[in-house]
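For reference, model_12.cif is printed below; it contains mmCIF, C-alpha atoms and all ligand atoms.
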```cif
data_data
#
loop_
_atom_site.group_PDB
_atom_site.id
_atom_site.type_symbol
_atom_site.label_atom_id
_atom_site.label_comp_id
_atom_site.auth_asym_id
_atom_site.auth_seq_id
_atom_site.Cartn_x
_atom_site.Cartn_y
_atom_site.Cartn_z
ATOM 1 C CA MET J 28 42.314 64.462 14.583
ATOM 2 C CA PHE J 29 44.455 67.535 13.796
ATOM 3 C CA GLN J 30 47.148 66.161 16.112
ATOM 4 C CA ASP J 31 47.037 62.817 14.239
ATOM 5 C CA LEU J 32 47.604 64.612 10.964
ATOM 6 C CA ILE J 33 50.608 66.460 12.383
ATOM 7 C CA ASN J 34 52.065 63.202 13.672
ATOM 8 C CA GLU J 35 51.587 61.647 10.223
ATOM 9 C CA ALA J 36 53.196 64.651 8.547
ATOM 10 C CA LEU J 37 56.268 64.311 10.747
ATOM 11 C CA GLU J 38 56.519 60.584 10.096
ATOM 12 C CA THR J 39 56.308 61.298 6.366
ATOM 13 C CA GLY J 40 59.291 63.631 6.651
ATOM 14 C CA ARG J 41 61.378 61.457 8.955
ATOM 15 C CA PRO J 42 62.610 58.830 6.434
ATOM 16 C CA TYR J 43 64.276 61.568 4.367
ATOM 17 C CA ILE J 44 66.587 62.530 7.222
ATOM 18 C CA LYS J 45 69.106 59.919 6.150
ATOM 19 C CA GLU J 46 69.522 61.692 2.809
ATOM 20 C CA GLY J 47 70.511 64.963 4.512
ATOM 21 C CA GLU J 48 73.535 66.242 6.419
ATOM 22 C CA VAL J 49 73.987 68.771 9.198
ATOM 23 C CA ALA J 50 75.844 71.978 8.284
ATOM 24 C CA THR J 51 79.513 71.836 9.255
ATOM 25 C CA TYR J 52 80.956 75.011 7.741
ATOM 26 C CA ILE J 53 80.179 76.665 11.078
ATOM 27 C CA PRO J 54 81.842 74.030 13.293
ATOM 28 C CA GLU J 55 79.418 74.398 16.213
ATOM 29 C CA LEU J 56 76.455 73.543 13.957
ATOM 30 C CA GLY J 57 78.138 70.237 13.089
ATOM 31 C CA ARG J 58 77.492 69.058 16.657
ATOM 32 C CA ALA J 59 73.720 68.859 16.095
ATOM 33 C CA ASP J 60 72.022 65.444 16.158
ATOM 34 C CA LYS J 61 70.877 64.934 12.591
ATOM 35 C CA ASN J 62 68.029 62.639 13.630
ATOM 36 C CA LYS J 63 66.121 65.352 15.463
ATOM 37 C CA LEU J 64 62.833 66.410 13.935
ATOM 38 C CA GLY J 65 59.955 68.407 15.381
ATOM 39 C CA ILE J 66 57.033 70.562 14.388
ATOM 40 C CA SER J 67 54.976 73.107 16.320
ATOM 41 C CA ILE J 68 51.819 74.783 15.126
ATOM 42 C CA PHE J 69 50.265 77.811 16.838
ATOM 43 C CA CYS J 70 46.758 78.529 15.543
ATOM 44 C CA ARG J 71 44.995 81.856 15.521
ATOM 45 C CA ASP J 72 42.284 80.606 17.885
ATOM 46 C CA GLY J 73 44.970 80.021 20.532
ATOM 47 C CA SER J 74 45.291 76.255 20.131
ATOM 48 C CA ARG J 75 48.787 74.795 19.926
ATOM 49 C CA PHE J 76 49.989 71.470 18.578
ATOM 50 C CA SER J 77 53.449 69.936 18.711
ATOM 51 C CA CYS J 78 55.112 66.707 17.723
ATOM 52 C CA GLY J 79 58.730 65.580 18.067
ATOM 53 C CA ASP J 80 61.711 67.658 19.152
ATOM 54 C CA THR J 81 60.021 71.011 19.597
ATOM 55 C CA LYS J 82 61.731 72.103 22.836
ATOM 56 C CA ASP J 83 65.311 71.658 21.578
ATOM 57 C CA ARG J 84 67.217 74.919 21.237
ATOM 58 C CA PHE J 85 69.133 75.493 18.008
ATOM 59 C CA SER J 86 70.474 78.534 16.237
ATOM 60 C CA ILE J 87 68.075 80.557 14.176
ATOM 61 C CA GLN J 88 70.663 81.295 11.480
ATOM 62 C CA SER J 89 69.086 82.704 8.321
ATOM 63 C CA ILE J 90 65.598 82.869 9.786
ATOM 64 C CA SER J 91 66.843 85.934 11.668
ATOM 65 C CA LYS J 92 66.831 87.646 8.253
ATOM 66 C CA VAL J 93 63.038 87.783 8.533
ATOM 67 C CA ILE J 94 63.208 89.594 11.885
ATOM 68 C CA SER J 95 65.876 91.983 10.621
ATOM 69 C CA LEU J 96 63.960 92.779 7.439
ATOM 70 C CA ALA J 97 60.789 93.471 9.429
ATOM 71 C CA VAL J 98 62.623 95.794 11.831
ATOM 72 C CA ALA J 99 64.454 97.532 8.961
ATOM 73 C CA LEU J 100 61.158 98.206 7.181
ATOM 74 C CA GLU J 101 59.686 99.666 10.358
ATOM 75 C CA VAL J 102 62.706 101.718 11.396
ATOM 76 C CA CYS J 103 64.372 102.696 8.104
ATOM 77 C CA GLY J 104 61.400 102.495 5.743
ATOM 78 C CA PHE J 105 60.651 100.629 2.512
ATOM 79 C CA ASP J 106 62.528 103.060 0.249
ATOM 80 C CA MET J 107 65.793 102.984 2.172
ATOM 81 C CA VAL J 108 65.772 99.167 2.254
ATOM 82 C CA PHE J 109 64.833 98.542 -1.361
ATOM 83 C CA GLU J 110 66.937 101.315 -2.874
ATOM 84 C CA ASN J 111 69.898 99.267 -1.718
ATOM 85 C CA VAL J 112 68.708 95.651 -1.767
ATOM 86 C CA GLY J 113 66.659 93.940 -4.481
ATOM 87 C CA MET J 114 63.479 91.862 -4.345
ATOM 88 C CA GLU J 115 64.457 89.094 -6.764
ATOM 89 C CA PRO J 116 65.451 85.485 -6.125
ATOM 90 C CA SER J 117 69.163 85.138 -6.837
ATOM 91 C CA GLY J 118 69.274 81.545 -8.067
ATOM 92 C CA ASP J 119 72.644 81.256 -6.325
ATOM 93 C CA ALA J 120 73.785 79.927 -2.962
ATOM 94 C CA PHE J 121 72.991 82.056 0.090
ATOM 95 C CA ASN J 122 76.643 83.008 0.582
ATOM 96 C CA SER J 123 77.470 83.671 -3.060
ATOM 97 C CA LEU J 124 79.450 86.702 -4.191
ATOM 98 C CA ILE J 125 79.021 86.073 -7.918
ATOM 99 C CA LYS J 126 76.226 88.500 -8.698
ATOM 100 C CA LEU J 127 77.743 91.221 -6.521
ATOM 101 C CA GLU J 128 80.685 91.665 -8.842
ATOM 102 C CA GLY J 129 79.109 93.609 -11.702
ATOM 103 C CA SER J 130 79.124 97.371 -11.565
ATOM 104 C CA ASN J 131 75.886 98.781 -10.153
ATOM 105 C CA SER J 132 74.929 95.416 -8.722
ATOM 106 C CA HIS J 133 73.204 95.305 -5.354
ATOM 107 C CA PRO J 134 72.335 92.281 -3.260
ATOM 108 C CA TYR J 135 69.503 90.411 -4.962
ATOM 109 C CA ASN J 136 67.260 90.165 -1.912
ATOM 110 C CA PRO J 137 67.285 90.482 1.902
ATOM 111 C CA MET J 138 67.087 86.705 2.492
ATOM 112 C CA ILE J 139 70.617 85.956 1.250
ATOM 113 C CA ASN J 140 73.742 86.868 3.184
ATOM 114 C CA SER J 141 74.699 89.900 1.109
ATOM 115 C CA GLY J 142 71.221 91.399 1.430
ATOM 116 C CA ALA J 143 71.007 90.622 5.130
ATOM 117 C CA ILE J 144 74.439 92.102 5.879
ATOM 118 C CA ALA J 145 73.342 95.270 4.076
ATOM 119 C CA VAL J 146 70.076 95.297 6.075
ATOM 120 C CA ALA J 147 72.076 94.789 9.293
ATOM 121 C CA SER J 148 74.112 97.873 8.419
ATOM 122 C CA PHE J 149 70.922 99.926 8.046
ATOM 123 C CA ILE J 150 69.531 98.826 11.410
ATOM 124 C CA GLU J 151 72.681 98.728 13.522
ATOM 125 C CA PRO J 152 73.164 102.503 13.931
ATOM 126 C CA LYS J 153 69.523 102.834 15.050
ATOM 127 C CA VAL J 154 68.666 99.692 17.026
ATOM 128 C CA SER J 155 71.168 97.950 19.313
ATOM 129 C CA PHE J 156 71.595 94.179 19.289
ATOM 130 C CA GLU J 157 70.180 94.091 22.856
ATOM 131 C CA GLU J 158 67.023 95.791 21.590
ATOM 132 C CA MET J 159 66.844 93.312 18.682
ATOM 133 C CA LEU J 160 67.078 90.467 21.184
ATOM 134 C CA LYS J 161 64.115 91.895 23.096
ATOM 135 C CA LEU J 162 62.158 92.287 19.859
ATOM 136 C CA ALA J 163 62.966 88.701 18.849
ATOM 137 C CA ARG J 164 61.652 87.445 22.201
ATOM 138 C CA CYS J 165 58.516 89.466 21.763
ATOM 139 C CA PHE J 166 57.876 88.459 18.122
ATOM 140 C CA CYS J 167 58.463 84.767 18.940
ATOM 141 C CA GLN J 168 56.621 84.814 22.318
ATOM 142 C CA ASP J 169 59.721 83.238 23.815
ATOM 143 C CA ASP J 170 61.648 84.855 26.680
ATOM 144 C CA GLY J 171 64.157 82.004 26.528
ATOM 145 C CA ILE J 172 65.820 83.313 23.370
ATOM 146 C CA VAL J 173 69.458 84.228 24.058
ATOM 147 C CA LEU J 174 72.633 84.795 22.102
ATOM 148 C CA ASP J 175 74.310 81.382 21.794
ATOM 149 C CA GLU J 176 77.894 82.409 22.559
ATOM 150 C CA LYS J 177 79.338 79.135 21.271
ATOM 151 C CA VAL J 178 77.652 79.495 17.877
ATOM 152 C CA TYR J 179 78.587 83.172 17.746
ATOM 153 C CA GLY J 180 82.256 82.402 18.504
ATOM 154 C CA SER J 181 82.279 79.524 16.042
ATOM 155 C CA GLU J 182 80.736 81.605 13.281
ATOM 156 C CA MET J 183 83.098 84.521 13.918
ATOM 157 C CA SER J 184 86.051 82.149 13.635
ATOM 158 C CA THR J 185 84.915 81.127 10.143
ATOM 159 C CA VAL J 186 83.463 84.423 8.990
ATOM 160 C CA ALA J 187 85.903 85.130 6.138
ATOM 161 C CA ARG J 188 83.363 84.701 3.370
ATOM 162 C CA ASN J 189 80.765 86.944 5.000
ATOM 163 C CA ARG J 190 83.513 89.474 5.751
ATOM 164 C CA ALA J 191 84.435 89.417 2.040
ATOM 165 C CA ILE J 192 80.783 90.055 1.161
ATOM 166 C CA ALA J 193 80.571 92.893 3.694
ATOM 167 C CA TYR J 194 83.674 94.646 2.372
ATOM 168 C CA LEU J 195 82.569 94.203 -1.241
ATOM 169 C CA LEU J 196 79.279 95.850 -0.279
ATOM 170 C CA GLU J 197 81.153 98.628 1.466
ATOM 171 C CA SER J 198 83.181 99.254 -1.713
ATOM 172 C CA LYS J 199 79.895 99.705 -3.557
ATOM 173 C CA GLY J 200 78.556 102.155 -1.002
ATOM 174 C CA VAL J 201 75.783 99.784 0.136
ATOM 175 C CA ILE J 202 76.932 99.560 3.761
ATOM 176 C CA ASN J 203 75.564 102.228 6.057
ATOM 177 C CA GLY J 204 77.857 102.892 9.032
ATOM 178 C CA ASN J 205 80.729 100.723 10.202
ATOM 179 C CA VAL J 206 81.253 97.535 8.202
ATOM 180 C CA GLU J 207 82.692 95.441 11.058
ATOM 181 C CA GLU J 208 79.853 96.452 13.365
ATOM 182 C CA ALA J 209 77.313 95.508 10.698
ATOM 183 C CA LEU J 210 78.992 92.124 10.271
ATOM 184 C CA ASP J 211 79.057 91.534 14.022
ATOM 185 C CA PHE J 212 75.380 92.482 14.290
ATOM 186 C CA TYR J 213 74.519 90.102 11.428
ATOM 187 C CA VAL J 214 76.390 87.178 13.006
ATOM 188 C CA LYS J 215 74.861 87.837 16.431
ATOM 189 C CA MET J 216 71.375 87.782 14.907
ATOM 190 C CA CYS J 217 72.183 84.426 13.244
ATOM 191 C CA SER J 218 73.359 83.078 16.625
ATOM 192 C CA LEU J 219 70.075 83.543 18.502
ATOM 193 C CA SER J 220 68.881 80.275 19.997
ATOM 194 C CA VAL J 221 65.282 79.333 19.296
ATOM 195 C CA THR J 222 62.990 76.301 19.337
ATOM 196 C CA ALA J 223 60.392 75.065 16.858
ATOM 197 C CA GLU J 224 57.863 76.629 19.234
ATOM 198 C CA SER J 225 59.484 80.064 19.013
ATOM 199 C CA LEU J 226 59.323 79.858 15.222
ATOM 200 C CA ALA J 227 55.643 78.912 15.415
ATOM 201 C CA GLY J 228 55.139 82.028 17.562
ATOM 202 C CA LEU J 229 56.848 84.210 14.975
ATOM 203 C CA GLY J 230 54.878 82.495 12.206
ATOM 204 C CA LEU J 231 51.625 83.239 14.012
ATOM 205 C CA LEU J 232 52.544 86.924 14.335
ATOM 206 C CA LEU J 233 53.089 87.078 10.563
ATOM 207 C CA ALA J 234 49.977 85.004 9.858
ATOM 208 C CA ASN J 235 48.001 87.414 12.026
ATOM 209 C CA ASP J 236 49.102 90.529 10.134
ATOM 210 C CA GLY J 237 51.589 91.670 12.799
ATOM 211 C CA VAL J 238 49.189 91.437 15.761
ATOM 212 C CA ASP J 239 50.267 89.252 18.694
ATOM 213 C CA PRO J 240 47.890 86.849 20.501
ATOM 214 C CA SER J 241 47.106 89.473 23.171
ATOM 215 C CA GLY J 242 45.794 91.757 20.412
ATOM 216 C CA LYS J 243 48.798 94.110 20.439
ATOM 217 C CA ARG J 244 50.088 95.264 17.062
ATOM 218 C CA LEU J 245 53.849 94.641 16.889
ATOM 219 C CA LEU J 246 54.366 95.184 13.150
ATOM 220 C CA ASN J 247 52.548 97.197 10.514
ATOM 221 C CA SER J 248 50.436 95.382 7.940
ATOM 222 C CA ASP J 249 52.562 96.696 5.083
ATOM 223 C CA THR J 250 55.724 95.371 6.704
ATOM 224 C CA VAL J 251 54.183 91.946 7.195
ATOM 225 C CA ARG J 252 52.919 91.773 3.609
ATOM 226 C CA VAL J 253 56.349 92.636 2.208
ATOM 227 C CA VAL J 254 58.151 90.204 4.499
ATOM 228 C CA LYS J 255 55.800 87.322 3.623
ATOM 229 C CA THR J 256 56.104 88.022 -0.094
ATOM 230 C CA ILE J 257 59.904 87.947 0.081
ATOM 231 C CA MET J 258 59.708 84.744 2.137
ATOM 232 C CA LEU J 259 57.554 83.121 -0.540
ATOM 233 C CA THR J 260 59.825 84.120 -3.419
ATOM 234 C CA CYS J 261 63.254 83.939 -1.757
ATOM 235 C CA GLY J 262 62.944 82.185 1.618
ATOM 236 C CA MET J 263 64.069 78.658 0.799
ATOM 237 C CA TYR J 264 67.459 79.390 -0.776
ATOM 238 C CA ASP J 265 67.625 78.434 -4.429
ATOM 239 C CA ARG J 266 64.857 75.910 -3.912
ATOM 240 C CA SER J 267 62.329 78.708 -3.326
ATOM 241 C CA GLY J 268 60.551 78.179 -6.647
ATOM 242 C CA GLU J 269 60.140 74.437 -6.200
ATOM 243 C CA PHE J 270 59.053 74.928 -2.591
ATOM 244 C CA ALA J 271 56.461 77.503 -3.678
ATOM 245 C CA VAL J 272 55.038 75.005 -6.174
ATOM 246 C CA ARG J 273 55.062 71.973 -3.885
ATOM 247 C CA VAL J 274 54.220 73.610 -0.534
ATOM 248 C CA GLY J 275 53.080 77.153 -1.284
ATOM 249 C CA ILE J 276 53.444 78.530 2.248
ATOM 250 C CA PRO J 277 55.616 81.629 2.870
ATOM 251 C CA SER J 278 58.606 80.163 4.694
ATOM 252 C CA LYS J 279 62.196 80.823 5.633
ATOM 253 C CA SER J 280 64.784 78.209 6.445
ATOM 254 C CA GLY J 281 68.132 78.410 8.199
ATOM 255 C CA VAL J 282 71.198 76.167 8.162
ATOM 256 C CA GLY J 283 70.621 75.455 11.864
ATOM 257 C CA GLY J 284 67.729 73.258 10.681
ATOM 258 C CA GLY J 285 64.816 75.579 11.353
ATOM 259 C CA ILE J 286 61.935 76.457 9.071
ATOM 260 C CA LEU J 287 59.550 79.313 9.850
ATOM 261 C CA SER J 288 56.213 79.176 8.002
ATOM 262 C CA CYS J 289 53.042 81.226 8.152
ATOM 263 C CA VAL J 290 49.628 80.444 6.765
ATOM 264 C CA GLY J 291 47.821 83.779 6.419
ATOM 265 C CA GLY J 292 44.979 84.243 8.909
ATOM 266 C CA ARG J 293 45.311 80.694 10.167
ATOM 267 C CA MET J 294 48.539 79.537 11.793
ATOM 268 C CA GLY J 295 52.248 79.808 12.387
ATOM 269 C CA ILE J 296 54.424 76.736 11.926
ATOM 270 C CA GLY J 297 57.906 76.060 13.299
ATOM 271 C CA ILE J 298 60.116 73.154 12.290
ATOM 272 C CA TYR J 299 63.383 71.826 13.646
ATOM 273 C CA GLY J 300 65.321 69.246 11.647
ATOM 274 C CA PRO J 301 69.074 69.844 11.293
ATOM 275 C CA ALA J 302 69.654 67.320 8.479
ATOM 276 C CA LEU J 303 69.748 69.599 5.433
ATOM 277 C CA ASP J 304 69.253 69.036 1.709
ATOM 278 C CA GLU J 305 71.971 70.168 -0.681
ATOM 279 C CA LYS J 306 70.497 73.682 -0.844
ATOM 280 C CA GLY J 307 70.540 74.179 2.949
ATOM 281 C CA ASN J 308 66.897 73.461 3.856
ATOM 282 C CA SER J 309 65.801 70.997 6.550
ATOM 283 C CA ILE J 310 65.109 67.903 4.464
ATOM 284 C CA GLY J 311 62.704 66.176 6.848
ATOM 285 C CA GLY J 312 61.053 69.523 7.530
ATOM 286 C CA GLY J 313 60.411 70.182 3.850
ATOM 287 C CA TYR J 314 58.600 66.874 3.341
ATOM 288 C CA THR J 315 56.660 67.384 6.576
ATOM 289 C CA LEU J 316 55.407 70.734 5.310
ATOM 290 C CA GLU J 317 54.554 69.319 1.898
ATOM 291 C CA TYR J 318 52.371 66.667 3.523
ATOM 292 C CA LEU J 319 50.637 69.231 5.734
ATOM 293 C CA SER J 320 50.053 71.620 2.866
ATOM 294 C CA GLU J 321 48.474 68.906 0.761
ATOM 295 C CA HIS J 322 46.275 67.490 3.519
ATOM 296 C CA LEU J 323 45.125 70.820 4.969
ATOM 297 C CA ASN J 324 44.934 72.749 1.676
ATOM 298 C CA LEU J 325 47.435 75.305 2.908
ATOM 299 C CA HIS J 326 48.862 76.280 -0.472
ATOM 300 C CA ILE J 327 48.592 80.037 -0.830
ATOM 301 C CA LEU J 328 47.135 79.674 -4.322
ATOM 302 C CA ASP J 329 44.615 76.941 -3.582
ATOM 303 C CA SER J 330 41.180 78.260 -4.394
ATOM 304 C CA ALA J 331 38.918 79.296 -1.499
ATOM 305 C CA ASP J 332 36.466 76.547 -2.493
ATOM 306 C CA ALA J 333 39.149 73.912 -2.119
ATOM 307 C CA LYS J 334 40.097 75.283 1.298
ATOM 308 C CA GLU J 335 36.520 74.978 2.532
ATOM 309 C CA ALA J 336 36.039 71.458 1.186
HETATM 310 N N1 LIG O 401 75.040 82.601 9.577
HETATM 311 C C1 LIG O 401 74.956 81.865 8.368
HETATM 312 C C2 LIG O 401 75.897 82.400 7.334
HETATM 313 O O1 LIG O 401 76.039 83.573 7.262
HETATM 314 C C3 LIG O 401 73.536 81.897 7.887
HETATM 315 C C4 LIG O 401 73.335 80.936 6.813
HETATM 316 C C5 LIG O 401 71.932 80.446 6.669
HETATM 317 O O2 LIG O 401 71.271 80.022 7.599
HETATM 318 O O3 LIG O 401 71.516 80.506 5.506
HETATM 319 O O4 LIG O 401 76.517 81.704 6.607
#
```

Please lay out the structure from this file as structure tokens.
Ligand code: GLU
Amino acid sequence: MFQDLINEALETGRPYIKEGEVATYIPELGRADKNKLGISIFCRDGSRFSCGDTKDRFSIQSISKVISLAVALEVCGFDMVFENVGMEPSGDAFNSLIKLEGSNSHPYNPMINSGAIAVASFIEPKVSFEEMLKLARCFCQDDGIVLDEKVYGSEMSTVARNRAIAYLLESKGVINGNVEEALDFYVKMCSLSVTAESLAGLGLLLANDGVDPSGKRLLNSDTVRVVKTIMLTCGMYDRSGEFAVRVGIPSKSGVGGGILSCVGGRMGIGIYGPALDEKGNSIGGGYTLEYLSEHLNLHILDSADAKEA
């Protein structure tokens, strides 16, 4: 029954694939098959459901910003992070420099490139990339996560815009430590290879307040609450507002085609669909989630009565 609903959700999203395009500004991402689509759901009671291309590896891209923010909050603390990076949606593209220009301006939030490069600079002197890789495997319950060297090389060969952002941040005193090392750390985090299943694992950790399925606490409650709030307000590029209205599930997308979603206390959801809408979100994935949200009453602001009905 639940599996049937997931299959239907995916088939609702699939026709929209033709309206999307894979990202090509990082050449290696342009090699993805735009027709792929998959969804995995890991529930709190231990049950798991999947449909479609859920074992395909793809690069996590911006979804790594969720992992980095969580680690930064744990290691550097709330004040250090949010003294330097805002909590507001930017309304601009993820790689925009526009709002960084004004005097006193900081990155708008940790889910866009400027904010995430700043966050990378806070973490990098304290936690090595190798340790971040281990944490990512642990958070996602996936030991198969590795650095995709091809994506990393491809992204570094076209990194000029992110380098410009990083140096602009350095000129404003937002970068902590070495700017090139922060940039390298940021790009490596974006180049981790995951599957829809790994994202469902990460979603479940967030849905379960930072406690993994074995009962071990990996993240503090406060960290998880902050991360999920920022995902809800800023996680879907400059479609975050519309997504919050239509779907209402804290989520984060990446230009590799992934979407990470978490339904508090209930389930983690991972999507793979590399055909993107014009804002950079998986187009088939977005419609799949909208269908699921409507049919399972997953919207965060649905009333409790409606959820029980
Ligand atoms: N690595 C990508 C970039 O910096 C991440 C973009 C994304 O997924 O939003 O451009």

task: Name every residue that the PyMOL selection byres (((chain J and resi 216) around 8) and not hetatm) selects in this structure, writing the answer as a ChimeraX atom specification with chains first and numbers rising.
output: /J:87-88,91,156,174,212-215,217-219

message: When you count only C-alpha atoms, which of these residues is closest to Gly230 of chain J: J:Lys82, J:Val251, J:Ile44, J:Glu35?
response: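 Comparing J:Lys82, J:Val251, J:Ile44, J:Glu35 against Gly230 of chain J, the winner is J:Val251.
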
message: Env of Gly242 of chain J: 12 Å cut, atoms = all atoms listed in the file, seq-sep filter 6 positions within chain, self excluded. Answer as a PyMOL selection string.
response: chain J and resi 71-73+232+235-236

Those selected residues, please, written with C-alpha atoms and delivered as a tab-separated table (two decimals), in the frame of the given file.
```tsv
chain	number	residue	atom	x	y	z
J	71	ARG	CA	45.00	81.86	15.52
J	72	ASP	CA	42.28	80.61	17.89
J	73	GLY	CA	44.97	80.02	20.53
J	232	LEU	CA	52.54	86.92	14.34
J	235	ASN	CA	48.00	87.41	12.03
J	236	ASP	CA	49.10	90.53	10.13
```

message: Taking all atoms listed in the file into account, name the residue in J:Lys63, J:Lys306, J:Arg244, J:Lys161 that is nearest to ligand LIG 401 (chain O).
response: J:Lys306

task: Kindly work out which residues sit at most 8 Å from ligand LIG 401 (chain O), using all atoms listed in the file, and give the list as a PyMOL selection string.
output: chain J and resi 53+87-90+121-122+139-140+182+186+189+213-214+217-218+264+280-283+307

- request: Evaluate the PyMOL selection byres (((chain J and resi 194-204) around 12) and not hetatm) on the structure here and hand back the selected residues as a PyMOL selection string.
  value: chain J and resi 103+107-113+123-134+140-153+187-193+205-210+212

task: Can you give me, as number ranges by chain, the residues this file yields under the PyMOL selection byres (((chain J and resi 255) around 10) and not hetatm)?
output: J: 93, 97, 230, 233-234, 236, 250-254, 256-262, 276-279, 288-291

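Proximity of J:Lys61, J:Arg266, J:Arg273, J:Arg84 to Val173 of chain J, computed with only C-alpha atoms, is greatest for J:Arg84.
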
At the level of C-alpha atoms, write segment 295-313 of chain J to a file as a short mmCIF file (atom, residue, chain, number, x, y, z; two decimals), in the first residue's frame, please.
```cif
data_model
loop_
_atom_site.label_atom_id
_atom_site.label_comp_id
_atom_site.auth_asym_id
_atom_site.auth_seq_id
_atom_site.Cartn_x
_atom_site.Cartn_y
_atom_site.Cartn_z
CA GLY J 295 13.92 10.55 5.84
CA ILE J 296 13.50 10.85 2.08
CA GLY J 297 16.18 10.82 -0.62
CA ILE J 298 15.60 11.67 -4.27
CA TYR J 299 17.77 11.37 -7.35
CA GLY J 300 16.69 13.07 -10.56
CA PRO J 301 19.37 15.04 -12.43
CA ALA J 302 16.99 16.92 -14.76
CA LEU J 303 16.77 20.30 -13.02
CA ASP J 304 14.26 23.16 -13.14
CA GLU J 305 15.52 26.65 -13.93
CA LYS J 306 16.34 27.29 -10.26
CA GLY J 307 18.54 24.18 -9.92
CA ASN J 308 16.14 21.74 -8.21
CA SER J 309 15.41 18.21 -9.47
CA ILE J 310 12.23 18.79 -11.46
CA GLY J 311 10.86 15.25 -11.32
CA GLY J 312 11.89 15.04 -7.67
CA GLY J 313 9.97 18.18 -6.75
#
```
